[in-house]
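Asker: For reference, the file start_32.txt (compact mmCIF, C-alpha atoms) is included below:
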# COMPACT_ATOMS: atom_id res chain seq x y z
CA MET A 992 -111.03 -38.18 3.45
CA SER A 993 -113.68 -35.86 4.88
CA THR A 994 -113.06 -33.57 7.84
CA GLY A 995 -115.30 -35.72 10.02
CA GLU A 996 -113.42 -38.86 9.10
CA ALA A 997 -110.11 -37.22 9.97
CA HIS A 998 -110.90 -37.05 13.72
CA ARG A 999 -109.35 -39.74 15.86
CA ILE A 1000 -111.49 -42.44 17.30
CA TRP A 1001 -110.40 -41.45 20.80
CA ASP A 1002 -112.85 -38.76 21.89
CA GLY A 1003 -113.98 -40.63 24.95
CA THR A 1004 -115.39 -43.50 22.92
CA PRO A 1005 -115.78 -46.53 25.23
CA LEU A 1006 -113.27 -49.24 24.45
CA ASN A 1007 -116.01 -51.84 23.98
CA VAL A 1008 -117.29 -49.70 21.09
CA VAL A 1009 -113.79 -49.64 19.62
CA LEU A 1010 -113.65 -53.44 19.90
CA ARG A 1011 -117.05 -53.85 18.20
CA SER A 1012 -115.93 -51.48 15.46
CA TYR A 1013 -112.76 -53.54 14.90
CA ASN A 1014 -114.53 -56.90 14.91
CA SER A 1015 -117.20 -55.69 12.50
CA ARG A 1016 -114.56 -55.02 9.84
CA SER A 1017 -113.37 -58.47 8.89
CA PRO A 1018 -109.77 -58.42 7.59
CA ARG A 1019 -109.55 -58.79 3.83
CA HIS A 1020 -107.14 -61.57 2.93
CA GLU A 1021 -106.45 -60.49 -0.62
CA ASN A 1022 -104.41 -62.73 -2.89
CA ILE A 1023 -101.20 -60.75 -2.72
CA ALA A 1024 -98.53 -61.90 -5.10
CA MET A 1025 -95.94 -60.99 -7.65
CA ASP A 1026 -97.73 -60.77 -10.99
CA VAL A 1027 -95.42 -62.88 -13.19
CA GLN A 1028 -92.49 -61.19 -11.44
CA SER A 1029 -93.56 -57.79 -12.76
CA HIS A 1030 -95.82 -56.33 -10.06
CA LEU A 1031 -96.33 -56.46 -6.31
CA PHE A 1032 -99.75 -56.31 -4.72
CA ILE A 1033 -99.87 -54.39 -1.45
CA PRO A 1034 -102.62 -55.35 1.03
CA ASP A 1035 -104.77 -52.77 2.77
CA PHE A 1036 -103.49 -53.49 6.24
CA MET A 1037 -105.52 -50.66 7.77
CA ALA A 1038 -108.94 -51.74 6.43
CA SER A 1039 -110.06 -52.89 9.89
CA TRP A 1040 -107.92 -50.62 12.09
CA PRO A 1041 -110.22 -48.35 14.16
CA TRP A 1042 -107.89 -45.33 14.23
CA PRO A 1043 -108.31 -43.15 11.09
CA ARG A 1044 -105.78 -40.88 9.42
CA HIS A 1045 -105.25 -37.44 10.92
CA ILE A 1046 -102.46 -34.91 10.38
CA ASN A 1047 -101.12 -32.14 12.58
CA PRO A 1048 -102.12 -28.72 11.18
CA LEU A 1049 -98.61 -27.42 11.93
CA TYR A 1050 -97.08 -29.94 9.54
CA GLU A 1051 -95.74 -27.67 6.80
CA GLU A 1052 -94.02 -25.04 8.92
CA VAL A 1053 -92.53 -27.49 11.41
CA ALA A 1054 -91.35 -29.86 8.66
CA ALA A 1055 -89.64 -26.95 6.90
CA GLU A 1056 -87.85 -25.95 10.12
CA SER A 1057 -86.67 -29.50 10.80
CA ASN A 1058 -85.45 -29.97 7.22
CA ALA A 1059 -83.54 -26.68 7.38
CA TRP A 1060 -81.95 -27.77 10.66
CA LEU A 1061 -80.75 -31.09 9.24
CA ARG A 1062 -79.64 -29.45 5.99
CA SER A 1063 -77.36 -27.14 8.00
CA PHE A 1064 -75.09 -30.12 8.73
CA ALA A 1065 -74.62 -30.81 4.99
CA PRO A 1066 -75.10 -34.53 5.66
CA PHE A 1067 -75.45 -35.52 1.98
CA THR A 1068 -74.51 -34.45 -1.51
CA PRO A 1069 -77.02 -31.98 -3.04
CA GLU A 1070 -78.55 -34.77 -5.13
CA SER A 1071 -78.96 -37.08 -2.15
CA GLN A 1072 -80.22 -34.24 0.06
CA HIS A 1073 -82.98 -33.60 -2.49
CA ALA A 1074 -83.87 -37.31 -2.52
CA PHE A 1075 -83.82 -37.41 1.30
CA GLU A 1076 -86.24 -34.49 1.56
CA GLN A 1077 -88.56 -36.12 -0.98
CA CYS A 1078 -89.15 -38.73 1.72
CA ASP A 1079 -90.99 -36.03 3.70
CA PHE A 1080 -90.13 -37.21 7.19
CA GLY A 1081 -91.85 -34.13 8.60
CA ARG A 1082 -95.11 -35.52 7.18
CA LEU A 1083 -94.40 -38.81 8.94
CA ALA A 1084 -94.10 -36.93 12.25
CA ALA A 1085 -97.24 -34.88 11.60
CA LEU A 1086 -99.22 -38.06 10.88
CA ALA A 1087 -97.72 -39.80 13.91
CA TYR A 1088 -98.37 -36.98 16.39
CA PRO A 1089 -101.51 -35.23 15.07
CA ASP A 1090 -102.43 -33.62 18.41
CA ALA A 1091 -98.91 -32.67 19.51
CA SER A 1092 -97.96 -29.15 20.47
CA ARG A 1093 -95.64 -27.25 18.18
CA ASP A 1094 -92.59 -28.04 20.31
CA ILE A 1095 -93.33 -31.75 20.57
CA LEU A 1096 -94.10 -31.96 16.85
CA ARG A 1097 -90.69 -30.39 16.19
CA THR A 1098 -89.12 -33.03 18.43
CA GLY A 1099 -90.95 -35.72 16.46
CA ALA A 1100 -89.89 -34.30 13.09
CA ASP A 1101 -86.26 -33.99 14.20
CA LEU A 1102 -86.38 -37.55 15.55
CA MET A 1103 -87.61 -38.92 12.22
CA ASN A 1104 -84.75 -37.14 10.45
CA VAL A 1105 -82.28 -38.52 13.01
CA PHE A 1106 -83.52 -42.07 12.48
CA PHE A 1107 -83.17 -41.94 8.74
CA ILE A 1108 -79.74 -40.29 8.63
CA ILE A 1109 -78.50 -42.99 11.03
CA ASP A 1110 -80.10 -45.56 8.72
CA GLU A 1111 -78.47 -44.14 5.58
CA TYR A 1112 -75.03 -43.82 7.19
CA THR A 1113 -74.91 -47.24 8.86
CA ASP A 1114 -76.48 -49.36 6.10
CA VAL A 1115 -73.29 -49.15 4.01
CA GLU A 1116 -70.68 -49.67 6.73
CA PRO A 1117 -69.05 -52.75 8.30
CA GLU A 1118 -69.72 -53.68 11.90
CA GLY A 1119 -66.61 -51.98 13.34
CA VAL A 1120 -67.39 -48.62 11.75
CA VAL A 1121 -71.05 -48.84 12.77
CA LYS A 1122 -69.98 -49.61 16.37
CA LYS A 1123 -67.86 -46.44 16.46
CA MET A 1124 -70.76 -44.37 15.06
CA VAL A 1125 -73.17 -45.84 17.59
CA ASP A 1126 -70.80 -45.14 20.49
CA VAL A 1127 -70.75 -41.49 19.42
CA VAL A 1128 -74.55 -41.37 19.18
CA ILE A 1129 -75.03 -42.97 22.61
CA ASP A 1130 -72.58 -40.55 24.20
CA ALA A 1131 -74.34 -37.61 22.55
CA VAL A 1132 -77.83 -38.52 23.76
CA HIS A 1133 -76.65 -39.28 27.31
CA HIS A 1134 -74.28 -36.30 27.59
CA PHE A 1135 -75.81 -33.66 25.34
CA GLN A 1136 -74.55 -30.86 27.58
CA LYS A 1137 -70.92 -31.35 26.52
CA ALA A 1138 -69.32 -30.17 23.29
CA ARG A 1139 -68.65 -32.77 20.63
CA PRO A 1140 -65.01 -33.43 19.74
CA VAL A 1141 -63.64 -32.14 16.47
CA GLY A 1142 -63.36 -34.69 13.70
CA GLU A 1143 -66.01 -37.20 14.80
CA THR A 1144 -68.97 -38.21 12.65
CA ILE A 1145 -71.60 -35.48 12.33
CA LEU A 1146 -74.08 -37.89 13.92
CA GLY A 1147 -72.69 -36.78 17.29
CA GLU A 1148 -73.56 -33.11 16.79
CA VAL A 1149 -76.89 -33.95 15.17
CA VAL A 1150 -77.99 -36.08 18.12
CA LYS A 1151 -76.60 -33.58 20.65
CA GLN A 1152 -78.64 -30.73 19.19
CA PHE A 1153 -81.71 -32.93 18.91
CA ALA A 1154 -81.45 -33.94 22.56
CA GLU A 1155 -80.83 -30.38 23.77
CA ARG A 1156 -84.07 -29.24 22.16
CA ALA A 1157 -86.16 -32.31 22.98
CA VAL A 1158 -85.38 -32.55 26.70
CA ARG A 1159 -86.81 -29.07 27.28
CA ASN A 1160 -90.29 -30.32 26.37
CA ALA A 1161 -90.21 -33.66 28.17
CA THR A 1162 -91.11 -34.75 31.68
CA PRO A 1163 -88.29 -36.52 33.56
CA GLU A 1164 -90.19 -39.81 33.30
CA ALA A 1165 -90.70 -39.52 29.55
CA TRP A 1166 -87.12 -38.47 28.87
CA ALA A 1167 -85.75 -41.43 30.81
CA HIS A 1168 -87.99 -43.77 28.80
CA PHE A 1169 -86.83 -42.21 25.55
CA VAL A 1170 -83.12 -42.41 26.33
CA GLU A 1171 -83.45 -46.07 27.30
CA SER A 1172 -85.34 -47.03 24.12
CA PHE A 1173 -83.16 -44.92 21.82
CA THR A 1174 -80.00 -46.47 23.28
CA ASP A 1175 -81.42 -49.96 22.73
CA TYR A 1176 -82.29 -48.97 19.16
CA VAL A 1177 -78.82 -47.79 18.14
CA ARG A 1178 -77.14 -50.76 19.83
CA SER A 1179 -79.33 -53.07 17.75
CA VAL A 1180 -78.10 -51.29 14.62
CA VAL A 1181 -74.66 -52.72 15.41
CA SER A 1182 -76.19 -56.20 15.61
CA GLU A 1183 -77.76 -55.65 12.21
CA ALA A 1184 -74.40 -54.61 10.77
CA ALA A 1185 -72.80 -57.74 12.25
CA ASP A 1186 -75.49 -59.92 10.66
CA ARG A 1187 -74.97 -58.16 7.34
CA CYS A 1188 -71.19 -58.56 7.41
CA ASN A 1189 -71.28 -62.18 8.60
CA GLY A 1190 -74.05 -63.26 6.26
CA THR A 1191 -76.17 -64.32 9.25
CA SER A 1192 -79.66 -65.57 8.42
CA ARG A 1193 -81.99 -65.18 11.39
CA SER A 1194 -85.03 -67.31 12.08
CA ILE A 1195 -88.42 -65.61 11.93
CA ASP A 1196 -88.69 -65.50 15.73
CA SER A 1197 -85.15 -64.17 16.17
CA PHE A 1198 -85.69 -61.57 13.45
CA ILE A 1199 -88.94 -60.28 14.96
CA LYS A 1200 -87.23 -59.89 18.34
CA ILE A 1201 -84.31 -57.85 17.02
CA ARG A 1202 -86.62 -55.90 14.70
CA ARG A 1203 -88.48 -54.69 17.79
CA GLU A 1204 -85.34 -52.71 18.55
CA ASN A 1205 -83.78 -51.78 15.21
CA ASN A 1206 -86.99 -50.63 13.49
CA GLY A 1207 -86.90 -47.58 15.78
CA GLY A 1208 -90.46 -48.29 16.87
CA ARG A 1209 -90.02 -47.93 20.63
CA PRO A 1210 -88.29 -44.51 20.56
CA SER A 1211 -90.73 -43.41 17.82
CA LEU A 1212 -93.53 -43.81 20.36
CA SER A 1213 -91.77 -41.53 22.85
CA PRO A 1214 -93.19 -38.21 21.56
CA CYS A 1215 -96.62 -39.64 22.42
CA GLU A 1216 -95.68 -39.41 26.11
CA LEU A 1217 -93.24 -36.48 26.30
CA HIS A 1218 -95.87 -34.30 28.01
CA LEU A 1219 -97.00 -37.11 30.32
CA ALA A 1220 -95.56 -38.32 33.62
CA ILE A 1221 -96.21 -42.05 33.45
CA PRO A 1222 -94.28 -43.78 36.25
CA ASP A 1223 -92.18 -46.87 35.61
CA GLU A 1224 -94.62 -49.09 37.52
CA ALA A 1225 -97.22 -48.38 34.83
CA PHE A 1226 -94.96 -47.89 31.80
CA TYR A 1227 -93.13 -51.18 32.33
CA HIS A 1228 -96.11 -53.19 33.58
CA PRO A 1229 -96.21 -56.47 31.59
CA HIS A 1230 -99.62 -55.70 30.10
CA ILE A 1231 -98.54 -52.24 28.92
CA VAL A 1232 -95.29 -53.69 27.54
CA GLU A 1233 -97.32 -56.26 25.60
CA LEU A 1234 -99.59 -53.58 24.11
CA ARG A 1235 -96.58 -51.47 23.15
CA THR A 1236 -94.93 -54.52 21.58
CA CYS A 1237 -98.04 -55.11 19.47
CA ILE A 1238 -97.69 -51.61 18.00
CA VAL A 1239 -93.95 -52.06 17.44
CA ASP A 1240 -94.62 -55.35 15.62
CA MET A 1241 -97.27 -53.60 13.51
CA ILE A 1242 -94.64 -51.01 12.61
CA THR A 1243 -92.37 -53.84 11.43
CA VAL A 1244 -95.14 -55.35 9.30
CA VAL A 1245 -96.20 -52.11 7.62
CA ASN A 1246 -92.65 -50.83 7.15
CA ASP A 1247 -91.23 -54.05 5.77
CA VAL A 1248 -94.06 -54.55 3.28
CA MET A 1249 -93.96 -50.94 2.08
CA SER A 1250 -90.16 -50.81 1.87
CA TYR A 1251 -89.64 -54.24 0.32
CA ASN A 1252 -89.63 -53.10 -3.32
CA ARG A 1253 -87.10 -50.33 -2.66
CA GLU A 1254 -84.89 -52.61 -0.58
CA GLN A 1255 -84.86 -55.54 -2.98
CA ALA A 1256 -84.01 -53.16 -5.84
CA THR A 1257 -80.79 -52.15 -4.05
CA GLU A 1258 -80.02 -55.62 -2.63
CA ASN A 1259 -80.72 -54.35 0.88
CA ASP A 1260 -83.65 -56.62 1.69
CA HIS A 1261 -81.82 -59.05 3.98
CA TYR A 1262 -83.38 -57.34 7.03
CA ASN A 1263 -86.94 -57.42 5.76
CA LEU A 1264 -89.64 -59.63 7.26
CA LEU A 1265 -90.85 -60.81 3.85
CA THR A 1266 -87.34 -61.96 2.88
CA VAL A 1267 -86.86 -63.75 6.20
CA VAL A 1268 -90.20 -65.56 5.90
CA MET A 1269 -89.52 -66.57 2.27
CA ARG A 1270 -86.14 -67.99 3.26
CA GLU A 1271 -87.20 -69.89 6.40
CA LEU A 1272 -90.44 -71.31 5.02
CA ASN A 1273 -88.97 -71.93 1.57
CA THR A 1274 -91.91 -70.11 0.03
CA ASP A 1275 -92.48 -67.43 -2.58
CA PHE A 1276 -93.60 -63.84 -2.17
CA ASP A 1277 -97.26 -64.89 -2.13
CA GLY A 1278 -96.69 -67.42 0.63
CA ALA A 1279 -94.64 -64.94 2.68
CA MET A 1280 -97.31 -62.26 2.36
CA THR A 1281 -99.99 -64.69 3.50
CA TRP A 1282 -97.89 -65.46 6.59
CA VAL A 1283 -97.38 -61.74 7.27
CA ILE A 1284 -101.11 -61.02 6.94
CA ASN A 1285 -101.96 -63.75 9.45
CA PHE A 1286 -99.26 -62.46 11.81
CA LYS A 1287 -100.64 -58.93 11.48
CA ASP A 1288 -104.22 -60.06 12.13
CA GLY A 1289 -103.16 -61.71 15.37
CA ILE A 1290 -101.31 -58.61 16.55
CA MET A 1291 -104.26 -56.34 15.77
CA LYS A 1292 -106.68 -58.55 17.67
CA LYS A 1293 -104.37 -58.82 20.67
CA PHE A 1294 -103.94 -55.04 20.88
CA VAL A 1295 -107.58 -54.06 20.48
CA GLU A 1296 -108.78 -56.67 22.95
CA GLY A 1297 -105.94 -55.84 25.33
CA LEU A 1298 -107.16 -52.26 25.63
CA GLN A 1299 -110.14 -53.63 27.55
CA HIS A 1300 -107.95 -55.08 30.28
CA VAL A 1301 -105.54 -52.27 31.13
CA PRO A 1302 -104.81 -52.43 34.87
CA SER A 1303 -105.56 -49.42 37.06
CA PHE A 1304 -102.84 -47.35 38.71
CA GLY A 1305 -105.05 -44.59 40.11
CA PRO A 1306 -107.17 -41.90 38.41
CA GLN A 1307 -104.39 -39.54 37.28
CA ILE A 1308 -102.08 -42.24 35.96
CA ASP A 1309 -105.00 -44.04 34.30
CA ARG A 1310 -105.93 -40.88 32.39
CA GLU A 1311 -102.38 -40.34 31.17
CA LEU A 1312 -101.97 -44.00 30.31
CA GLN A 1313 -105.13 -43.95 28.19
CA GLN A 1314 -103.84 -40.86 26.34
CA TYR A 1315 -100.58 -42.67 25.68
CA LEU A 1316 -102.17 -45.91 24.48
CA GLN A 1317 -104.56 -44.11 22.15
CA SER A 1318 -101.66 -42.08 20.75
CA ILE A 1319 -99.43 -45.06 20.04
CA ALA A 1320 -102.39 -46.85 18.42
CA ASN A 1321 -102.19 -44.22 15.69
CA TRP A 1322 -98.71 -45.29 14.60
CA PRO A 1323 -99.62 -48.16 12.24
CA ARG A 1324 -102.11 -45.88 10.47
CA CYS A 1325 -99.63 -43.02 10.21
CA LEU A 1326 -96.91 -45.25 8.76
CA ASP A 1327 -99.29 -46.74 6.21
CA SER A 1328 -100.52 -43.28 5.12
CA TRP A 1329 -97.04 -41.75 4.96
CA SER A 1330 -95.75 -44.64 2.85
CA PHE A 1331 -98.14 -43.67 0.06
CA GLU A 1332 -98.19 -39.89 0.60
CA SER A 1333 -94.42 -39.38 0.65
CA LYS A 1334 -92.07 -40.35 -2.15
CA ARG A 1335 -89.88 -42.67 -0.06
CA TYR A 1336 -91.23 -45.99 -1.30
CA PHE A 1337 -93.50 -45.29 -4.27
CA GLY A 1338 -92.20 -42.06 -5.78
CA ARG A 1339 -94.70 -39.69 -7.38
CA ARG A 1340 -97.29 -42.44 -7.90
CA GLY A 1341 -97.91 -43.28 -4.24
CA LEU A 1342 -101.51 -42.08 -4.11
CA GLU A 1343 -102.27 -44.02 -7.29
CA TYR A 1344 -100.81 -47.19 -5.81
CA GLN A 1345 -102.77 -46.62 -2.62
CA LYS A 1346 -105.92 -47.03 -4.71
CA THR A 1347 -104.84 -49.82 -7.06
CA ARG A 1348 -102.52 -51.66 -4.59
CA ARG A 1349 -100.55 -52.76 -7.68
CA VAL A 1350 -96.90 -51.66 -7.76
CA PRO A 1351 -94.36 -52.34 -10.55
CA LEU A 1352 -91.48 -54.50 -9.34
CA LEU A 1353 -88.27 -52.47 -9.50
CA PRO A 1354 -85.24 -54.00 -11.27
CA ARG A 1355 -82.62 -55.40 -8.93
CA ARG A 1356 -79.20 -53.75 -9.14
CA LYS A 1357 -75.87 -53.90 -7.38
CA PRO A 1358 -75.35 -51.11 -4.84
CA ARG A 1359 -72.47 -48.70 -5.29
CA LEU A 1360 -69.74 -49.56 -2.81
CA GLY A 1361 -67.16 -47.33 -1.17
CA LEU A 1362 -69.46 -44.36 -0.45
CA HIS A 1363 -69.40 -43.23 3.18
CA GLN A 1364 -71.35 -40.78 5.37
CA ALA A 1365 -71.86 -37.54 3.36
CA GLU A 1366 -71.12 -39.46 0.14
CA VAL A 1367 -73.84 -42.08 0.59
CA ARG A 1368 -76.36 -42.18 -2.19
CA VAL A 1369 -80.02 -41.68 -1.28
CA HIS A 1370 -82.12 -43.04 -4.12
CA ILE A 1371 -85.33 -41.70 -5.59
CA ILE A 1372 -87.77 -44.33 -6.80
CA GLU A 1373 -87.94 -42.95 -10.32
CA GLY A 1374 -84.17 -43.45 -10.59
CA LEU A 1375 -84.40 -47.03 -9.38
CA ALA A 1376 -87.14 -47.68 -11.94
CA GLN A 1377 -84.81 -46.89 -14.86
CA PRO A 1378 -83.67 -49.89 -16.91
CA ILE A 1379 -80.28 -51.27 -15.90
CA ALA A 1380 -77.61 -50.69 -18.51
CA VAL A 1381 -76.13 -53.92 -19.81
Just dump the structure as structure tokens.
Answerer:
Amino acid sequence: MSTGEAHRIWDGTPLNVVLRSYNSRSPRHENIAMDVQSHLFIPDFMASWPWPRHINPLYEEVAAESNAWLRSFAPFTPESQHAFEQCDFGRLAALAYPDASRDILRTGADLMNVFFIIDEYTDVEPEGVVKKMVDVVIDAVHHFQKARPVGETILGEVVKQFAERAVRNATPEAWAHFVESFTDYVRSVVSEAADRCNGTSRSIDSFIKIRRENNGGRPSLSPCELHLAIPDEAFYHPHIVELRTCIVDMITVVNDVMSYNREQATENDHYNLLTVVMRELNTDFDGAMTWVINFKDGIMKKFVEGLQHVPSFGPQIDRELQQYLQSIANWPRCLDSWSFESKRYFGRRGLEYQKTRRVPLLPRRKPRLGLHQAEVRVHIIEGLAQPIAV
């Protein structure tokens, strides 16, 4: 991508120009399917999205600092720590917050690491254990000034230190919004664990609703407003909530498509939109992907058109609200780019797959049970691609 292409679309461009730009790029409904159960075809979801890729120039140094911070807790075995860092969550933050200051980018990078360590720790535990972990996390983010008790999960100290650093760079309004959304997120992780343990199969509508919380989308948008003072009357206005929900749903679509191969390989795809659609509609991967593409197209259209009808709250608030909306609009693009540029979902061949859109289907294997917290196994894609011993 050229330097010119890397600049965001928001440089004062009138929103009607953004809308024309979006509508002029008709979505490509490729025939996305499993190729005789051997390959997946990944659609170019961002072909018509008006916000291009851009990365924060402070990426490398801030990512290194955040990784060193998380590593200091020794949260994984050396092998799993290496696999975790191959996911390059600092890159995700740098793509998500390309214009952020150094301090806010560090908050974003730390937050991405927090999300994924919570994900790794809770994915393998029963509901009761997850509930205890989540109670610790909620206490730590609400009461970060107090010392954490000896013997509790390291998630408490991790979240405490994250919050202590993050709150220093946030307005009171933004911090309150973050704490509310982060609390909702971790509570929904308990609901996911309950569904997993009880074998609950959610409907598509029910799944999308809970995914709006447990995909971490809402708190992931918080660094976009940490420097802003958007009052509740604007932040929680129904139109703004609807626009934010569009972006959160886009995060679900992109994440669940990109992560599907990894998740099905480890029998952890029960909370994936493609799996839910296949089950409810009694369809195959091709049919589920067609449904997801249509769902995504509707969300995109609603968001881009909705930007034209943002209510006014006064000049100062309107300016900050436009900054916020343009920043969160970058999230689907950043997640799509990171999925191919990191090694989380496609290993060392991500950039190749970004061009060909053709990804080998990983063999499905039973997960290793009985590994907890620091013992959990973080997989690298190349390892999952190895033939399963008979």
Asker: For Arg1310 of chain A, which of A:Ile1095, A:Ile1221, A:Phe1276, A:Ile1201 is the closest residue, counting all atoms listed in the file?
Answerer: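 Smallest distance to Arg1310 of chain A is found for A:Ile1221.
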Asker: Given the choices A:Asp1186, A:Thr1162, A:Asp1260, A:Ser1318, which gets closest to Arg1235 of chain A if the distance is worked out from all atoms listed in the file?
Answerer: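 Checking each of A:Asp1186, A:Thr1162, A:Asp1260, A:Ser1318 against Arg1235 of chain A, counting all atoms listed in the file, the winner is A:Ser1318.
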Asker: What gap, in Å, lies between atom CA of Gln1299 of chain A and atom CA of Phe1226 of chain A?
Answerer: 16.8 Å
Asker: Which residue, A:Arg1193, A:His1133, A:Arg1339, A:Arg1062, has the smallest gap to His1261 of chain A when you use only C-alpha atoms?
Answerer: A:Arg1193
Asker: Which one of A:Val1149, A:Ala1087, A:Ile1371, A:Val1181 sits closest to Pro1117 of chain A if you count all atoms listed in the file?
Answerer: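 Closest residue, counting all atoms listed in the file: A:Val1181.
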Asker: Any idea what's packed within 12 Å of Asn1104 of chain A, counting all atoms listed in the file, ignoring anything in its chain fewer than 4 positions away? Could you give it as an mmCIF file with C-alpha atoms, in the frame of the given file?
Answerer:
data_model
loop_
_atom_site.group_PDB
_atom_site.id
_atom_site.type_symbol
_atom_site.label_atom_id
_atom_site.label_comp_id
_atom_site.auth_asym_id
_atom_site.auth_seq_id
_atom_site.Cartn_x
_atom_site.Cartn_y
_atom_site.Cartn_z
ATOM 1 C CA ALA A 1054 -91.350 -29.860 8.660
ATOM 2 C CA ALA A 1055 -89.640 -26.950 6.900
ATOM 3 C CA GLU A 1056 -87.850 -25.950 10.120
ATOM 4 C CA SER A 1057 -86.670 -29.500 10.800
ATOM 5 C CA ASN A 1058 -85.450 -29.970 7.220
ATOM 6 C CA ALA A 1059 -83.540 -26.680 7.380
ATOM 7 C CA TRP A 1060 -81.950 -27.770 10.660
ATOM 8 C CA LEU A 1061 -80.750 -31.090 9.240
ATOM 9 C CA ARG A 1062 -79.640 -29.450 5.990
ATOM 10 C CA PRO A 1066 -75.100 -34.530 5.660
ATOM 11 C CA GLN A 1072 -80.220 -34.240 0.060
ATOM 12 C CA PHE A 1075 -83.820 -37.410 1.300
ATOM 13 C CA GLU A 1076 -86.240 -34.490 1.560
ATOM 14 C CA CYS A 1078 -89.150 -38.730 1.720
ATOM 15 C CA ASP A 1079 -90.990 -36.030 3.700
ATOM 16 C CA PHE A 1080 -90.130 -37.210 7.190
ATOM 17 C CA GLY A 1081 -91.850 -34.130 8.600
ATOM 18 C CA ARG A 1082 -95.110 -35.520 7.180
ATOM 19 C CA LEU A 1083 -94.400 -38.810 8.940
ATOM 20 C CA ALA A 1084 -94.100 -36.930 12.250
ATOM 21 C CA ARG A 1097 -90.690 -30.390 16.190
ATOM 22 C CA THR A 1098 -89.120 -33.030 18.430
ATOM 23 C CA GLY A 1099 -90.950 -35.720 16.460
ATOM 24 C CA ALA A 1100 -89.890 -34.300 13.090
ATOM 25 C CA ILE A 1108 -79.740 -40.290 8.630
ATOM 26 C CA ILE A 1109 -78.500 -42.990 11.030
ATOM 27 C CA ASP A 1110 -80.100 -45.560 8.720
ATOM 28 C CA GLU A 1111 -78.470 -44.140 5.580
ATOM 29 C CA LEU A 1146 -74.080 -37.890 13.920
ATOM 30 C CA VAL A 1149 -76.890 -33.950 15.170
ATOM 31 C CA VAL A 1150 -77.990 -36.080 18.120
ATOM 32 C CA PHE A 1153 -81.710 -32.930 18.910
ATOM 33 C CA GLY A 1207 -86.900 -47.580 15.780
ATOM 34 C CA SER A 1211 -90.730 -43.410 17.820
#
Asker: Measuring between all atoms listed in the file, which one of A:Glu1204, A:Asp1196, A:Asp1288, A:Glu1332 shows the shortest distance to Arg1178 of chain A?
Answerer: A:Glu1204
Asker: Rank nothing, just name the residue among A:Thr1274, A:Thr1236, A:Gln1307, A:Ser1250 nearest to Ile1319 of chain A, using all atoms listed in the file.
Answerer: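 Checking each candidate against Ile1319 of chain A, we get A:Thr1236 as the closest.
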Asker: For Val1125 of chain A, please output as a ChimeraX atom specification all residues within 12 Å (counting all atoms listed in the file; exclusion window: fewer than 2 positions along the same chain).
Answerer: /A:1109-1110,1112-1113,1116,1118-1123,1127-1132,1143-1147,1150,1173-1182,1184
Asker: Can you tell me how far atom CA of Glu1311 of chain A sits from atom CA of Ala1157 of chain A, in Å to one decimal?
Answerer: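 Separating atom CA of Glu1311 of chain A from atom CA of Ala1157 of chain A is a distance of 19.9 Å.
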